[in-house]
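Undergrad: This is the content of data_24.cif (mmCIF, C-alpha atoms):
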data_data
loop_
_atom_site.label_atom_id
_atom_site.label_comp_id
_atom_site.auth_asym_id
_atom_site.auth_seq_id
_atom_site.Cartn_x
_atom_site.Cartn_y
_atom_site.Cartn_z
CA MET A 9 0.00 0.00 0.00
CA ASN A 10 1.38 3.37 -0.97
CA THR A 11 1.54 6.33 1.35
CA PRO A 12 -1.65 8.26 0.22
CA MET A 13 -3.81 5.19 0.65
CA ARG A 14 -2.47 4.62 4.11
CA ILE A 15 -3.32 8.18 5.06
CA ALA A 16 -6.90 7.77 3.77
CA ALA A 17 -7.36 4.66 5.90
CA ILE A 18 -6.11 6.34 9.06
CA LEU A 19 -8.40 9.40 8.91
CA PRO A 20 -11.60 7.63 10.06
CA VAL A 21 -9.75 6.25 12.97
CA MET A 22 -8.69 9.69 14.00
CA LEU A 23 -12.32 10.81 13.97
CA LEU A 24 -13.10 8.19 16.47
CA SER A 25 -10.28 9.29 18.74
CA ALA A 26 -12.69 11.03 21.04
CA CYS A 27 -14.29 7.71 21.84
CA VAL A 28 -11.05 5.92 22.71
CA SER A 29 -8.76 6.32 25.60
CA SER A 30 -6.13 8.98 25.75
CA GLY A 31 -3.41 6.36 25.36
CA LYS A 32 -4.77 5.12 22.13
CA PHE A 33 -5.24 8.67 20.99
CA GLU A 34 -1.70 9.54 21.58
CA ALA A 35 -0.64 6.43 19.76
CA ALA A 36 -2.82 7.37 16.84
CA VAL A 37 -1.44 10.92 16.85
CA ALA A 38 2.07 9.53 16.90
CA GLU A 39 1.27 7.24 14.00
CA LYS A 40 -0.31 10.16 12.20
CA ASP A 41 2.83 12.23 12.64
CA GLU A 42 4.91 9.36 11.47
CA LEU A 43 2.69 8.96 8.45
CA GLN A 44 2.80 12.69 7.82
CA ALA A 45 6.61 12.59 7.96
CA SER A 46 6.58 9.60 5.62
CA LEU A 47 4.31 11.55 3.28
CA TYR A 48 6.74 14.47 3.24
CA ASN A 49 9.62 12.14 2.69
CA ALA A 50 7.75 10.43 -0.14
CA GLN A 51 6.95 13.78 -1.71
CA ASP A 52 10.57 14.84 -1.39
CA GLU A 53 11.62 11.52 -2.92
CA ILE A 54 9.11 12.00 -5.74
CA ALA A 55 10.42 15.53 -6.33
CA ARG A 56 13.97 14.29 -6.34
CA ASN A 57 13.06 11.42 -8.66
CA GLN A 58 11.20 13.81 -10.94
CA LEU A 59 14.19 16.16 -10.95
CA GLN A 60 16.52 13.25 -11.53
CA LEU A 61 14.22 11.98 -14.30
CA LYS A 62 14.19 15.41 -15.88
CA GLU A 63 17.97 15.56 -15.68
CA SER A 64 18.13 12.08 -17.17
CA GLU A 65 15.77 13.10 -19.97
CA GLN A 66 17.96 16.18 -20.58
CA GLU A 67 21.09 14.00 -20.55
CA ILE A 68 19.39 11.57 -22.91
CA ALA A 69 18.41 14.48 -25.17
CA ARG A 70 21.95 15.83 -25.00
CA ILE A 71 23.37 12.40 -25.78
CA GLN A 72 20.90 11.94 -28.63
CA ALA A 73 21.85 15.39 -29.95
CA GLU A 74 25.50 14.48 -29.63
CA ILE A 75 24.85 11.15 -31.36
CA LYS A 76 22.99 12.96 -34.11
CA GLN A 77 25.84 15.45 -34.43
CA LYS A 78 28.35 12.63 -34.56
CA GLU A 79 26.23 10.88 -37.19
CA GLN A 80 26.19 14.12 -39.16
CA ASP A 81 29.93 14.50 -38.65
CA LEU A 82 30.45 10.90 -39.70
CA GLU A 83 28.36 11.42 -42.81
CA GLN A 84 30.30 14.58 -43.57
CA SER A 85 33.52 12.67 -43.02
CA ARG A 86 32.29 10.00 -45.43
CA LEU A 87 31.45 12.67 -47.96
CA ASN A 88 34.83 14.30 -47.38
CA ASN A 89 36.55 10.93 -47.74
CA ALA A 90 34.65 10.25 -50.93
CA MET A 91 35.61 13.69 -52.25
CA ALA A 92 39.21 13.10 -51.14
CA GLU A 93 39.24 9.72 -52.89
CA ASP A 94 37.84 11.33 -56.03
CA GLU A 95 40.45 14.10 -55.76
CA LEU A 96 43.17 11.52 -55.15
CA THR A 97 41.98 9.55 -58.18
CA ARG A 98 42.04 12.73 -60.29
CA ASN A 99 45.49 13.61 -58.90
CA TRP A 100 46.80 10.15 -59.73
CA ALA A 101 45.43 10.56 -63.22
CA LYS A 102 47.15 13.94 -63.44
CA ILE A 103 50.36 12.42 -62.09
CA LYS A 104 50.23 9.63 -64.67
CA LYS A 105 49.55 12.16 -67.40
CA THR A 106 52.36 14.35 -66.11
CA GLU A 107 54.71 11.35 -66.04
CA GLN A 108 53.78 10.55 -69.63
CA GLU A 109 54.28 14.17 -70.62
CA LEU A 110 57.63 14.20 -68.79
CA ALA A 111 58.68 11.02 -70.60
CA GLN A 112 57.67 12.56 -73.93
CA THR A 113 59.46 15.79 -73.03
CA LYS A 114 62.60 13.84 -72.04
CA GLN A 115 62.43 11.98 -75.33
CA GLN A 116 62.06 15.29 -77.16
CA VAL A 117 64.98 16.75 -75.18
CA ASP A 118 67.13 13.71 -76.00
CA THR A 119 66.19 14.04 -79.65
CA ALA A 120 66.96 17.75 -79.51
CA HIS A 121 70.35 17.01 -77.92
CA ARG A 122 71.16 14.49 -80.67
CA GLU A 123 70.04 16.93 -83.34
CA LEU A 124 72.09 19.66 -81.66
CA ALA A 125 75.12 17.37 -81.55
CA ASP A 126 74.60 16.56 -85.25
CA LEU A 127 74.27 20.26 -86.05
CA GLU A 128 77.39 21.07 -84.04
CA ALA A 129 79.27 18.29 -85.84
CA LYS A 130 78.02 19.60 -89.19
CA GLN A 131 78.94 23.12 -88.15
CA HIS A 132 82.41 21.96 -87.13
CA THR A 133 82.76 20.11 -90.44
CA MET A 134 81.58 23.18 -92.33
CA GLN A 135 83.92 25.43 -90.35
CA GLN A 136 86.77 23.02 -90.97
CA GLY A 137 85.81 22.89 -94.64
CA PHE A 138 85.64 26.67 -94.72
CA GLN A 139 89.04 26.94 -93.06
CA ASP A 140 90.45 24.37 -95.47
CA SER A 141 88.92 26.27 -98.36
CA MET A 142 90.40 29.52 -97.11
CA ALA A 143 93.77 27.80 -96.67
CA GLN A 144 93.49 26.34 -100.17
CA LEU A 145 92.50 29.72 -101.52
CA ALA A 146 95.48 31.31 -99.80
CA ALA A 147 97.69 28.51 -101.14
CA LEU A 148 96.27 28.95 -104.63
CA LYS A 149 96.87 32.67 -104.43
CA SER A 150 100.43 32.04 -103.31
CA ILE A 151 100.90 29.50 -106.07
CA GLU A 152 99.34 31.92 -108.53
CA ALA A 153 101.72 34.62 -107.32
CA GLU A 154 104.62 32.16 -107.60
CA THR A 155 103.48 31.19 -111.08
CA GLN A 156 103.23 34.83 -112.06
CA ARG A 157 106.69 35.46 -110.61
CA ARG A 158 108.03 32.43 -112.49
CA ASN A 159 106.56 33.74 -115.73
CA GLU A 160 108.09 37.14 -115.06
CA ILE A 161 111.49 35.50 -114.50
CA TYR A 162 111.00 33.40 -117.61
CA ALA A 163 110.26 36.53 -119.64
CA GLU A 164 113.32 38.20 -118.12
CA PHE A 165 115.48 35.18 -118.98
CA ILE A 166 114.20 35.27 -122.55
CA ASP A 167 114.95 38.98 -122.77
CA ARG A 168 118.39 38.93 -121.15
CA LEU A 169 119.52 35.69 -122.81
CA LYS A 170 118.12 36.57 -126.24
CA ASP A 171 121.52 36.76 -127.91
CA MET A 172 122.56 33.36 -126.56
CA ILE A 173 119.19 31.87 -127.54
CA ASP A 174 119.47 33.31 -131.03
CA GLY A 175 123.06 32.04 -131.26
CA GLY A 176 121.96 28.48 -130.48
CA GLN A 177 123.94 28.35 -127.23
CA LEU A 178 120.94 27.55 -125.08
CA THR A 179 117.16 27.30 -124.95
CA VAL A 180 114.76 28.42 -122.23
CA SER A 181 111.44 26.63 -121.63
CA ILE A 182 108.86 25.94 -118.93
CA GLU A 183 108.47 22.23 -118.22
CA GLN A 184 106.28 20.81 -115.44
CA GLY A 185 106.06 24.27 -113.88
CA ARG A 186 109.85 24.76 -113.84
CA ILE A 187 112.07 27.02 -115.93
CA VAL A 188 114.59 24.85 -117.80
CA ILE A 189 117.75 26.33 -119.35
CA ASN A 190 119.12 23.75 -121.76
CA LEU A 191 122.78 23.92 -122.90
CA PRO A 192 124.03 21.35 -125.46
CA ASN A 193 127.20 19.54 -124.38
CA ASN A 194 129.00 20.40 -127.63
CA ILE A 195 128.92 24.04 -126.51
CA LEU A 196 130.45 23.20 -123.11
CA PHE A 197 132.58 20.04 -123.28
CA GLU A 198 134.66 17.94 -125.62
CA SER A 199 133.50 14.38 -126.12
CA GLY A 200 134.16 12.19 -123.05
CA SER A 201 135.44 15.19 -121.03
CA ALA A 202 134.10 17.02 -117.98
CA THR A 203 136.38 20.04 -118.42
CA LEU A 204 134.68 23.18 -119.70
CA ASN A 205 136.07 24.53 -122.98
CA SER A 206 136.61 28.23 -123.55
CA GLU A 207 133.35 28.67 -125.43
CA GLY A 208 131.45 26.91 -122.66
CA SER A 209 133.12 28.97 -119.93
CA LYS A 210 132.23 32.16 -121.78
CA ALA A 211 128.61 31.09 -122.24
CA LEU A 212 128.25 30.07 -118.59
CA SER A 213 129.82 33.35 -117.43
CA GLN A 214 127.17 35.25 -119.37
CA LEU A 215 124.49 33.00 -117.87
CA ALA A 216 125.90 33.44 -114.32
CA ALA A 217 125.50 37.23 -114.65
CA VAL A 218 121.75 36.62 -115.06
CA LEU A 219 121.32 33.84 -112.46
CA SER A 220 123.23 35.76 -109.78
CA GLN A 221 120.50 38.42 -109.85
CA PHE A 222 118.00 35.93 -108.37
CA ASN A 223 119.34 35.26 -104.90
CA ASP A 224 115.87 34.15 -103.70
CA ARG A 225 115.82 31.27 -106.20
CA ARG A 226 117.37 27.81 -106.12
CA PHE A 227 118.87 26.14 -109.18
CA GLN A 228 119.87 22.56 -109.88
CA VAL A 229 122.43 21.71 -112.56
CA GLU A 230 121.65 18.35 -114.17
CA GLY A 231 124.07 16.41 -116.36
CA HIS A 232 122.72 14.09 -119.10
CA THR A 233 124.39 11.83 -121.68
CA ASP A 234 123.35 9.67 -124.58
CA ASN A 235 123.27 5.90 -124.28
CA LYS A 236 126.80 5.36 -125.64
CA SER A 237 128.60 3.77 -122.70
CA ILE A 238 131.90 5.00 -121.32
CA ASN A 239 134.40 3.06 -119.24
CA THR A 240 137.56 4.94 -118.28
CA ALA A 241 139.52 5.18 -115.08
CA ARG A 242 137.91 8.55 -114.29
CA PHE A 243 134.43 7.78 -115.66
CA PRO A 244 133.49 4.12 -115.21
CA SER A 245 129.99 4.94 -116.52
CA ASN A 246 127.82 7.75 -117.77
CA TRP A 247 126.76 8.36 -114.17
CA GLU A 248 130.21 9.65 -113.28
CA LEU A 249 130.55 11.62 -116.51
CA SER A 250 127.17 13.38 -116.23
CA THR A 251 127.76 14.15 -112.57
CA ALA A 252 131.27 15.49 -113.14
CA ARG A 253 130.01 17.77 -115.92
CA ALA A 254 127.24 19.09 -113.68
CA LEU A 255 129.80 19.80 -110.93
CA SER A 256 132.06 21.64 -113.38
CA VAL A 257 129.16 23.92 -114.30
CA VAL A 258 128.32 24.47 -110.59
CA HIS A 259 131.91 25.44 -109.78
CA LEU A 260 132.02 27.98 -112.57
CA LEU A 261 128.66 29.52 -111.69
CA THR A 262 129.54 29.87 -108.01
CA SER A 263 132.81 31.51 -109.01
CA LYS A 264 130.68 34.08 -110.86
CA ASN A 265 128.63 35.16 -107.81
CA VAL A 266 125.84 32.58 -107.90
CA LEU A 267 125.23 31.78 -104.23
CA PRO A 268 126.53 28.27 -103.38
CA GLU A 269 123.60 27.65 -101.04
CA ASN A 270 121.21 28.21 -103.94
CA ILE A 271 122.69 25.68 -106.37
CA SER A 272 123.18 21.90 -106.50
CA ALA A 273 124.43 19.27 -108.97
CA ALA A 274 122.96 15.97 -110.16
CA GLY A 275 123.96 13.40 -112.79
CA TYR A 276 121.36 11.28 -114.58
CA GLY A 277 123.56 9.56 -117.14
CA GLU A 278 121.55 8.29 -120.09
CA PHE A 279 118.40 7.59 -118.11
CA ARG A 280 116.42 10.77 -118.86
CA PRO A 281 116.66 11.13 -122.62
CA ARG A 282 114.88 13.92 -124.47
CA ALA A 283 114.99 12.17 -127.82
CA ASP A 284 115.51 8.76 -129.40
CA ASN A 285 119.06 7.52 -128.97
CA GLU A 286 118.80 5.50 -132.18
CA THR A 287 119.72 8.54 -134.29
CA GLU A 288 122.71 10.83 -134.12
CA GLU A 289 120.42 13.85 -133.96
CA GLY A 290 118.56 12.32 -131.00
CA ARG A 291 121.79 11.43 -129.21
CA GLN A 292 123.04 15.00 -129.69
CA LEU A 293 119.88 16.35 -128.03
CA ASN A 294 120.33 13.95 -125.12
CA ARG A 295 123.91 15.12 -124.44
CA ARG A 296 123.15 18.26 -122.49
CA ILE A 297 123.35 20.31 -119.31
CA GLU A 298 120.03 21.53 -117.87
CA ILE A 299 119.85 24.28 -115.29
CA ILE A 300 116.49 23.98 -113.52
CA MET A 301 115.03 26.86 -111.55
CA GLN A 302 113.32 25.03 -108.68
CA PRO A 303 109.81 26.08 -107.66
CA ASN A 304 109.44 27.76 -104.29
CA LEU A 305 108.83 24.64 -102.20
CA ASP A 306 108.27 26.74 -99.08
CA ILE A 307 104.96 27.85 -100.56
CA LEU A 308 103.87 24.28 -101.18
CA SER A 309 104.85 23.11 -97.70
CA ASP A 310 103.63 26.16 -95.75
CA GLU A 311 100.53 27.21 -97.65
CA LEU A 312 98.86 24.00 -98.76
CA PRO A 313 96.47 22.65 -96.07
CA LYS A 314 97.19 19.25 -94.61
CA VAL A 315 94.62 16.71 -95.79
CA ALA A 316 93.48 14.24 -93.18
CA PRO A 317 93.94 10.59 -94.15
#
Could you quickly redo this structure as C-alpha cells?

TA:
Amino acid sequence: MNTPMRIAAILPVMLLSACVSSGKFEAAVAEKDELQASLYNAQDEIARNQLQLKESEQEIARIQAEIKQKEQDLEQSRLNNAMAEDELTRNWAKIKKTEQELAQTKQQVDTAHRELADLEAKQHTMQQGFQDSMAQLAALKSIEAETQRRNEIYAEFIDRLKDMIDGGQLTVSIEQGRIVINLPNNILFESGSATLNSEGSKALSQLAAVLSQFNDRRFQVEGHTDNKSINTARFPSNWELSTARALSVVHLLTSKNVLPENISAAGYGEFRPRADNETEEGRQLNRRIEIIMQPNLDILSDELPKVAP
C-alpha cells in the first residue's frame, strides 16, 4: 500500500479518537505524525526522482543530440573521404599524365640534344671545310703569285739571254712548272770530257750574270748523256761523266757570284733522254746540261692545307 492510501485509511480512525482512551489517541497521533513525515519524505523523494528523471531526460536528449551530431559528422567525413578519394583519383590521373608528358618531353629533349650534336658536328665540319677552303684559296693565291713570278722571271730570262738563244747556245722553256735552261754539251765540253772549254766557260759566265740576280731562287744543274757507254779510269759509266760535268758547271757559276747555297748538282747519265738515242740527232739532243730553276717549295709546304687521311 502506498503512502496516500495509508493516510486515507487512518483518517476515520482519527475521527473516532474522542471515543477511545487517551493512550490510544496519543498512539494514533504519533502514528499520524509518522505517516505525515513519511508523506513528506515520499513527496521529497518523488520531487527528487522527478528532478533526476528530468535531468536524465535532458542528458538523454543531449546524448541523442550528440549522437545525431556525430552521425552528421560521420556522414560529412564520409562525404569528405569520398571527395578526397575522387580528388586523389584525379590527382593520380594527373600524375600519370604528367609522367607521360615528362617522358615525352625527355624523349624530345634527348632528340633535340642528338640533333644539336649533329648540327654542331656539321657546323664543325663546315667550319673546318671553310678553313680548309680559305687555306686552299690562300695557297692557290700564293701558287698563282709564284706562277706569275716564275713567268716574269721566264720573260726576263728570254729577254736577257736573247743573244745566246738566237746564237743556239741555249734554250729556255717551262716544263712541269719549272724554268729549264738547256745547254748542249758540244757548246760546253769535248766528247768524253768534264772540263769546260773556252766557249762553254764564256757562255756560262754570261748566264751566271743573269742567275746571280735571283738570290731568292734555287737552281739545280743536271748532267745528261746519250746511251753510248763509257768506261775509263775517271768515268766508269755515264753516271760519273754526267755528274762530273754538272759539278764543273756548278763550280764555274759559283765563281761568278751565284750563291753556293742556292745551287746543286745531279747526274742522270743516259736515263732521262729527251729524244731517241737511235739517231745521231737524237743522241746529240740527249747530251746536255740543264739548269732547272726550282719552284718555291716553301709555298707548297707552308701554304697548302694538310689533308686528313

Undergrad: Might you pull out every residue within 9 Å of Leu212 (chain A), with all atoms listed in the file counted and same-chain residues fewer than 4 positions away left off, and present them as a PyMOL selection string?

TA: chain A and resi 196+207-208+216-217+257+260-261

Undergrad: Give as a count of residues only the residues that the PyMOL selection byres ((chain A and resi 272-282) around 9) matches when applied to the coordinates above.

TA: 37

Undergrad: What's the separation between CA of Ser263 (chain A) and CA of Pro244 (chain A), in Å to one decimal place?

TA: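 Computing it gives 28.1 Å between the two atoms.
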
Undergrad: Could you state the separation of CA of Ile189 (chain A) and CA of Asn159 (chain A) in Å, given to one decimal place?

TA: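 According to the coordinates, CA of Ile189 (chain A) and CA of Asn159 (chain A) are separated by 13.9 Å.
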
Undergrad: Between A:Ser201, A:Ala38, A:Gln136, A:Gln58, which one has atoms that come closest to Phe243 (chain A), using all atoms listed in the file?

TA: A:Ser201

Undergrad: For the point (119.8, 32.3, -125.9) in file coordinates, what residues are within 12 Å, counting all atoms listed in the file? Give the answer as a tab-separated table (two decimals) with C-alpha atoms, in the frame of the given file?

TA:
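Result written to out_9.tsv:
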chain	number	residue	atom	x	y	z
A	164	GLU	CA	113.32	38.20	-118.12
A	165	PHE	CA	115.48	35.18	-118.98
A	166	ILE	CA	114.20	35.27	-122.55
A	167	ASP	CA	114.95	38.98	-122.77
A	168	ARG	CA	118.39	38.93	-121.15
A	169	LEU	CA	119.52	35.69	-122.81
A	170	LYS	CA	118.12	36.57	-126.24
A	171	ASP	CA	121.52	36.76	-127.91
A	172	MET	CA	122.56	33.36	-126.56
A	173	ILE	CA	119.19	31.87	-127.54
A	174	ASP	CA	119.47	33.31	-131.03
A	175	GLY	CA	123.06	32.04	-131.26
A	176	GLY	CA	121.96	28.48	-130.48
A	177	GLN	CA	123.94	28.35	-127.23
A	178	LEU	CA	120.94	27.55	-125.08
A	179	THR	CA	117.16	27.30	-124.95
A	180	VAL	CA	114.76	28.42	-122.23
A	181	SER	CA	111.44	26.63	-121.63
A	189	ILE	CA	117.75	26.33	-119.35
A	190	ASN	CA	119.12	23.75	-121.76
A	191	LEU	CA	122.78	23.92	-122.90
A	192	PRO	CA	124.03	21.35	-125.46
A	211	ALA	CA	128.61	31.09	-122.24
A	212	LEU	CA	128.25	30.07	-118.59
A	214	GLN	CA	127.17	35.25	-119.37
A	215	LEU	CA	124.49	33.00	-117.87
A	218	VAL	CA	121.75	36.62	-115.06

Undergrad: Could you tell me which residues the PyMOL selection byres ((chain A and resi 223) around 10) returns for this structure, as a JSON list (two decimals) with C-alpha atoms, in the coordinates of the input?

TA:
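For reference, out-v5.json as written:
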[["chain", "number", "residue", "atom", "x", "y", "z"],
["A", 219, "LEU", "CA", 121.32, 33.84, -112.46],
["A", 220, "SER", "CA", 123.23, 35.76, -109.78],
["A", 221, "GLN", "CA", 120.50, 38.42, -109.85],
["A", 222, "PHE", "CA", 118.00, 35.93, -108.37],
["A", 224, "ASP", "CA", 115.87, 34.15, -103.70],
["A", 225, "ARG", "CA", 115.82, 31.27, -106.20],
["A", 226, "ARG", "CA", 117.37, 27.81, -106.12],
["A", 265, "ASN", "CA", 128.63, 35.16, -107.81],
["A", 266, "VAL", "CA", 125.84, 32.58, -107.90],
["A", 267, "LEU", "CA", 125.23, 31.78, -104.23],
["A", 269, "GLU", "CA", 123.60, 27.65, -101.04],
["A", 270, "ASN", "CA", 121.21, 28.21, -103.94]]

Undergrad: Figure out the distance between CA of Ile54 (chain A) and CA of Asp41 (chain A), please, to one decimal in Å.

TA: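 CA of Ile54 (chain A) lies at a distance of 19.4 Å from CA of Asp41 (chain A).
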
Undergrad: Using all atoms listed in the file, pick whichever of A:Lys40, A:Arg296, A:Lys149, A:Lys264 has the shortest atom-to-atom distance to Asn193 (chain A).

TA: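 Of the candidates, the smallest distance to Asn193 (chain A) is held by A:Arg296.
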
Undergrad: So that all listed atoms of region 301-304 of chain A fit with 5 Å spare on each side, what axis-aligned box centre and edge lengths in Å, to one decimal, would you give as JSON?

TA:
{"center_x": 112.2, "center_y": 26.4, "center_z": -107.9, "size_x": 15.6, "size_y": 12.7, "size_z": 17.3}
